[in-house]
Amino acid sequence: MSLHGKTLTELAVGLKAREFSSVELAQVFLKRIADHQAALNAFVSVTQEQALAAARMADAALAAGRAGPLTGLPLAHKDIFCTEGVRTTCGSRMLDNFVSPYDATVVAKLKAAGTVMLGKTNMDEFAMGSSNETSYFGPVRNPWDLKVVPGGSSGGSAAATAARLVPASTGTDTGGSIRQPAALTGITGLKPTYGRVSRYGMIAFASSLDQAGVLTASAEDAALLLGVMAGFDPRDSTSVDEPVPDYRAALNQPLKGLRIGLLKEFFEQGLEAETEKRIREALAVYEKLGATLREVSLPNLPLSVPVYYVVAPAECSSNLARFDGVRYGYRCESPRDLMDLYQRSRGEGFGAEVKRRIMTGTYVLSAGYYDAYYIKAQQVRQLIAADFERAFKEVDVLMGPTAPTPAFPIGAKTSDPITMYLNDIYTIGANLAGLPAISVPCGFVGELPVGLQIVGPHFSEAKVLNVAHGLQRETDWHRRIPKAYA
Amino acid sequence: MALTPEQIGSIAHLARLSLNEAEVPVYRRSLSAILDFVGQLNAAQTAGVRPMAHPLPGQTQRLRADEITEKDARERYQANAPQVEAGLYLVPKVIE
């Protein structure tokens with residue numbers, strides 16, 4: 001099999017056995033990135049020189065017997081993670097020229113583990129989008145069909161991983177930004193529990209929702225990476241001091257007796273018929289493995305999207321206040337005075353969707369409206385979290401679709417923000433309640449992939465990965481690579 | 001709920017965003033539609049429900065000791081600034 005057709009786990013075995021070197025691996029994938037960048041636009045920056053230097057160090061560690069489980073493996077980081085000495089744009093004109101003075105904790109941990117960063121992936125501007133069309137650096141295209149979106153906001157990471165321009169990549173998920181693009185590009189995408197992975201150096205969007213995770217070829221690969229990324233970080237005040245289990249050791253637990261809850265509301269709300277069939281087929285695989293299915297109702301879940309579009313814009317309007325045209329980032333030409341400097345730097349530096357969310361957030365937080373919008377939304381959010389908690393007293397995991405339809409054409413939903421927001425109807429709930437969730441490929445509608453979503457209780461990543469891996473032992477959807485990239 | 005152009009102007013000012021004339025009707029339309037959409041929250045029964053303060057039950061914001069832990073990295077940080085002089089960030093004159 002070609003090197004790029006292997007999973008991260010298989011590449012790790014090959015590196016240990018010295019079947020190929022880390023430098024050779026980096027070269028194979030760097031060549032693929034260069035060959036397909038024009039078509040996919042999955043990268044904002046490619047860090048060839050740093051990658052080859054890191055790969056040479058990894059090869060030395062492998063030769064000296066000092067290698068860890070990730071030493072020498074190539075990957076890409078979403079351009080929302082700060083990378084020391086490397087441009088970090090967050091998909092925005094605002095940070096077009098920003099060279100980060102330090103590494104995000106996720107980046108530092110993966111670097112210390114010997115991984116080789118090949119570049120920074122394209123994304124929706126400040127992670128605000130579900131189609132990767134809001135990036136200042138242009139839309140990313142889906143490797144399954146260049147006319148459709150890859151999903152967002154981690155669309156560059158998803159497209160790059162699906163086309164095997166990298167074997168794996170990092171992402172962030174505030175309302176579905178890992179899971180939805182993973183579903184739309186036929187790969188595995190894990191959003192861990194809120195607080196599981198450090199967010200230090202991860203550019204903030206909505207701080208009560210943001211979490212870092214991975215986009216990979218398999219649940220096994222996600223387990224491999226999460227084991228290194230997870231853990232307490234004193235530099236992130238939302239990081240939780242919980243022990244990190246051996247995620248890989250739990251992958252092969254038998255699924256007999258697993259209690260699966262089917263999210264009733266998800267099967268009722270705008271789910272496309274063929275997509276539903278693929279989900280039902282995956283559920284049948286679990287039944288064959290000895291799991292039991294039962295319908296579970298979370299009555300407040302249909303309010304997830306309106307809750308999100310109060311809470312997320314409110315927090316974004318506060319977080320993005322830091323971009324002032326003074327300390328870093330874009331500054332307008334010839335400001336008349338300080339007010340003009342602030343207003344034009346922000347007006348010109350931010351794109352349309354980011355400005356829309358900042359203004360929505362500013363409005364709902366403004367005097368006289370705070371209780372009606374923000375407090376009300378946080379109350380309904382509490383009800384949604386309680387619905388999940390009740391459900392997990394009866395079932396081990398919840399399942400449903402990741403997205404209501406397969407990938408849609410580029411430009412199809414850009415004129416109406418609410419139509420675009422409804423793409424995240426099935427993914428937002430896990431963010432509101434801080435729960436871990438994964439999307440795994442479970443078949444196709446026509447030529448386009450479909451994702452099954454698995455949600456677990458807080459800190460149940462080992463179980464969620466175990467359940468996802470169970471499907472991937474029985475099916476080969478996760479091994480499919482779009483023809484042009486095979 | 002329909003926002004007026006004046007309200008859009010005042011929100012943009014609070015958010016320190018310059019908008020050109022063509023942008024005002026666009027944001028007026030989309031912000032009004034978003035506020036209508038989130039208005040469905042009003043129908044939810046929330047009497048006596050405590051607003052969520054943290055997504056993990058029982059967790060609160062962790063505080064650290066008020067101690068200096070960072071080293072001076074002014075030059076490194078100011079390398080990203082649009083305009084600096086003698087270690088200071090330059091902005092247009094503030095006091096007449």
# chains A, B, ... in the order shown; residues from 1 in each chain; ligands from 1

$ interface_residues --of "chain A" --to "chain B" --cutoff "6 Å" --atoms "only C-alpha atoms" --output "VMD selection string"
chain A and resid 237 306 327 to 328 337 to 338 343 to 344 346 to 347 378 to 379 382 433 to 434

$ write_last_selection --atoms "N, CA, C and O atoms" --output "PDB file, in the first residue's frame"
ATOM      1  N   SER A 237      -7.184  28.303  32.352  1.00  0.00           N
ATOM      2  CA  SER A 237      -7.966  28.265  33.585  1.00  0.00           C
ATOM      3  C   SER A 237      -9.204  27.378  33.468  1.00  0.00           C
ATOM      4  O   SER A 237      -9.867  27.100  34.453  1.00  0.00           O
ATOM      5  N   PRO A 306     -30.814  28.206  18.534  1.00  0.00           N
ATOM      6  CA  PRO A 306     -31.025  29.565  19.062  1.00  0.00           C
ATOM      7  C   PRO A 306     -30.212  29.874  20.332  1.00  0.00           C
ATOM      8  O   PRO A 306     -29.735  31.002  20.480  1.00  0.00           O
ATOM      9  N   ARG A 327      -1.697  46.632  19.299  1.00  0.00           N
ATOM     10  CA  ARG A 327      -0.632  45.756  19.800  1.00  0.00           C
ATOM     11  C   ARG A 327      -0.184  44.701  18.794  1.00  0.00           C
ATOM     12  O   ARG A 327       0.969  44.317  18.745  1.00  0.00           O
ATOM     13  N   TYR A 328      -1.117  44.218  18.006  1.00  0.00           N
ATOM     14  CA  TYR A 328      -0.783  43.273  16.933  1.00  0.00           C
ATOM     15  C   TYR A 328      -1.948  43.252  15.967  1.00  0.00           C
ATOM     16  O   TYR A 328      -3.027  43.754  16.271  1.00  0.00           O
ATOM     17  N   ASP A 337      -7.874  59.652  14.274  1.00  0.00           N
ATOM     18  CA  ASP A 337      -7.745  59.709  15.735  1.00  0.00           C
ATOM     19  C   ASP A 337      -7.889  58.280  16.254  1.00  0.00           C
ATOM     20  O   ASP A 337      -8.035  57.341  15.467  1.00  0.00           O
ATOM     21  N   LEU A 338      -7.868  58.129  17.576  1.00  0.00           N
ATOM     22  CA  LEU A 338      -7.851  56.779  18.139  1.00  0.00           C
ATOM     23  C   LEU A 338      -9.138  56.014  17.806  1.00  0.00           C
ATOM     24  O   LEU A 338      -9.104  54.827  17.475  1.00  0.00           O
ATOM     25  N   GLN A 343     -12.036  51.726  14.856  1.00  0.00           N
ATOM     26  CA  GLN A 343     -13.191  51.357  14.039  1.00  0.00           C
ATOM     27  C   GLN A 343     -12.800  50.895  12.644  1.00  0.00           C
ATOM     28  O   GLN A 343     -13.330  49.907  12.155  1.00  0.00           O
ATOM     29  N   ARG A 344     -11.852  51.590  12.029  1.00  0.00           N
ATOM     30  CA  ARG A 344     -11.492  51.168  10.672  1.00  0.00           C
ATOM     31  C   ARG A 344     -10.592  49.934  10.689  1.00  0.00           C
ATOM     32  O   ARG A 344     -10.703  49.079   9.818  1.00  0.00           O
ATOM     33  N   ARG A 346     -10.777  47.481  12.727  1.00  0.00           N
ATOM     34  CA  ARG A 346     -11.667  46.336  12.943  1.00  0.00           C
ATOM     35  C   ARG A 346     -12.639  46.165  11.764  1.00  0.00           C
ATOM     36  O   ARG A 346     -12.894  45.048  11.326  1.00  0.00           O
ATOM     37  N   GLY A 347     -13.135  47.278  11.262  1.00  0.00           N
ATOM     38  CA  GLY A 347     -14.076  47.220  10.139  1.00  0.00           C
ATOM     39  C   GLY A 347     -13.440  46.633   8.886  1.00  0.00           C
ATOM     40  O   GLY A 347     -14.072  45.894   8.135  1.00  0.00           O
ATOM     41  N   GLN A 378     -28.690  31.091  28.665  1.00  0.00           N
ATOM     42  CA  GLN A 378     -27.928  30.258  29.598  1.00  0.00           C
ATOM     43  C   GLN A 378     -28.862  29.400  30.465  1.00  0.00           C
ATOM     44  O   GLN A 378     -28.480  28.325  30.934  1.00  0.00           O
ATOM     45  N   GLN A 379     -30.087  29.858  30.663  1.00  0.00           N
ATOM     46  CA  GLN A 379     -31.082  29.030  31.376  1.00  0.00           C
ATOM     47  C   GLN A 379     -31.510  27.848  30.502  1.00  0.00           C
ATOM     48  O   GLN A 379     -31.562  26.710  30.960  1.00  0.00           O
ATOM     49  N   GLN A 382     -28.928  25.281  30.370  1.00  0.00           N
ATOM     50  CA  GLN A 382     -28.948  24.430  31.566  1.00  0.00           C
ATOM     51  C   GLN A 382     -29.976  23.305  31.396  1.00  0.00           C
ATOM     52  O   GLN A 382     -29.733  22.155  31.781  1.00  0.00           O
ATOM     53  N   ALA A 433     -23.406  21.366  26.346  1.00  0.00           N
ATOM     54  CA  ALA A 433     -23.329  20.566  27.571  1.00  0.00           C
ATOM     55  C   ALA A 433     -21.894  20.153  27.905  1.00  0.00           C
ATOM     56  O   ALA A 433     -21.671  19.477  28.912  1.00  0.00           O
ATOM     57  N   GLY A 434     -20.916  20.526  27.079  1.00  0.00           N
ATOM     58  CA  GLY A 434     -19.505  20.223  27.354  1.00  0.00           C
ATOM     59  C   GLY A 434     -19.134  18.764  27.154  1.00  0.00           C
ATOM     60  O   GLY A 434     -18.133  18.296  27.716  1.00  0.00           O
TER      61      GLY A 434
END

$ select_by_dssp --residues "chain B" --states "alpha helix (DSSP H)" --output "ChimeraX atom specification"
/B:5-14,23-38,74-78

$ residues_around --residues "A:Asp476" --least-positions-apart "2" --cutoff "12 Å" --atoms "only C-alpha atoms" --output "ChimeraX atom specification"
/A:186-187,217-218,282,440-444,469-474,478-481

$ residues_around --residues "A:Gly325" --least-positions-apart "4" --cutoff "7 Å" --atoms "only C-alpha atoms" --output "short mmCIF file (atom, residue, chain, number, x, y, z; two decimals) with N, CA and C atoms, in the first residue's frame"
data_model
loop_
_atom_site.label_atom_id
_atom_site.label_comp_id
_atom_site.auth_asym_id
_atom_site.auth_seq_id
_atom_site.Cartn_x
_atom_site.Cartn_y
_atom_site.Cartn_z
N GLY A 329 -1.73 42.66 14.81
CA GLY A 329 -2.81 42.55 13.84
C GLY A 329 -2.92 43.76 12.94
N TYR A 330 -3.97 43.74 12.11
CA TYR A 330 -4.17 44.73 11.07
C TYR A 330 -4.40 46.14 11.64
N ARG A 331 -3.79 47.14 11.00
CA ARG A 331 -4.10 48.54 11.31
C ARG A 331 -4.44 49.27 10.02
N LEU A 341 -9.00 54.83 14.38
CA LEU A 341 -8.06 53.71 14.30
C LEU A 341 -8.74 52.40 14.70
N TYR A 342 -9.45 52.42 15.83
CA TYR A 342 -10.15 51.20 16.28
C TYR A 342 -11.18 50.76 15.25
N SER A 345 -9.71 49.82 11.68
CA SER A 345 -8.87 48.62 11.74
C SER A 345 -9.75 47.39 11.88
#

$ residues_around --residues "A:Glu461" --least-positions-apart "4" --cutoff "7 Å" --atoms "only C-alpha atoms" --output "count of residues only"
3

$ select_by_dssp --residues "chain B" --states "strand (DSSP E or B)" --output "ChimeraX atom specification"
/B:84-85,88-89

$ write_last_selection --atoms "C-alpha atoms" --output "JSON list (two decimals), in the first residue's frame"
[["chain", "number", "residue", "atom", "x", "y", "z"],
["B", 84, "VAL", "CA", 6.32, 51.05, 18.00],
["B", 85, "GLU", "CA", 9.00, 53.49, 19.08],
["B", 88, "LEU", "CA", 6.14, 52.07, 23.23],
["B", 89, "TYR", "CA", 3.07, 51.34, 21.10]]

$ residues_around --residues "A:Gly5" --least-positions-apart "3" --cutoff "8 Å" --atoms "only C-alpha atoms" --output "number ranges by chain"
A: 1-2, 164, 481, 486

$ write_last_selection --atoms "N, CA, C and O atoms" --output "PDB file, in the first residue's frame"
ATOM      1  N   MET A   1       0.833  -1.201   0.000  1.00  0.00           N
ATOM      2  CA  MET A   1       0.000   0.000   0.000  1.00  0.00           C
ATOM      3  C   MET A   1       0.873   1.259   0.000  1.00  0.00           C
ATOM      4  O   MET A   1       1.948   1.285   0.588  1.00  0.00           O
ATOM      5  N   SER A   2       0.387   2.285  -0.698  1.00  0.00           N
ATOM      6  CA  SER A   2       1.117   3.556  -0.727  1.00  0.00           C
ATOM      7  C   SER A   2       1.238   4.102   0.700  1.00  0.00           C
ATOM      8  O   SER A   2       0.402   3.801   1.551  1.00  0.00           O
ATOM      9  N   ARG A 164      -5.653  12.813   2.172  1.00  0.00           N
ATOM     10  CA  ARG A 164      -4.374  12.252   2.634  1.00  0.00           C
ATOM     11  C   ARG A 164      -3.187  13.116   2.191  1.00  0.00           C
ATOM     12  O   ARG A 164      -2.166  12.630   1.754  1.00  0.00           O
ATOM     13  N   ILE A 481     -10.780   6.540   0.138  1.00  0.00           N
ATOM     14  CA  ILE A 481     -10.097   7.798  -0.197  1.00  0.00           C
ATOM     15  C   ILE A 481     -10.651   8.257  -1.544  1.00  0.00           C
ATOM     16  O   ILE A 481     -10.825   7.431  -2.437  1.00  0.00           O
ATOM     17  N   ALA A 486      -6.247   8.799  -4.376  1.00  0.00           N
ATOM     18  CA  ALA A 486      -5.963   7.434  -3.905  1.00  0.00           C
ATOM     19  C   ALA A 486      -4.490   7.068  -4.129  1.00  0.00           C
ATOM     20  O   ALA A 486      -3.829   7.647  -4.972  1.00  0.00           O
TER      21      ALA A 486
END

$ closest_residue --among "A:Val13, A:Ile260, A:Met117, A:Leu25" --to "A:Leu293" --atoms "only C-alpha atoms"
A:Ile260

$ residues_around --residues "A:Leu184" --least-positions-apart "6" --cutoff "10 Å" --atoms "only C-alpha atoms" --output "PyMOL selection string"
chain A and resi 131+142+144+148-152+155+158-159+162+402-403+405-408+439+441+444+448-451

$ atom_distance --atom1 "atom CA of A:Asn319" --atom2 "atom CA of A:Thr172"
16.0 Å

$ closest_residue --among "A:Leu30, A:Ala76, A:Val364, A:Leu62" --to "A:Ala17" --atoms "only C-alpha atoms"
A:Leu62
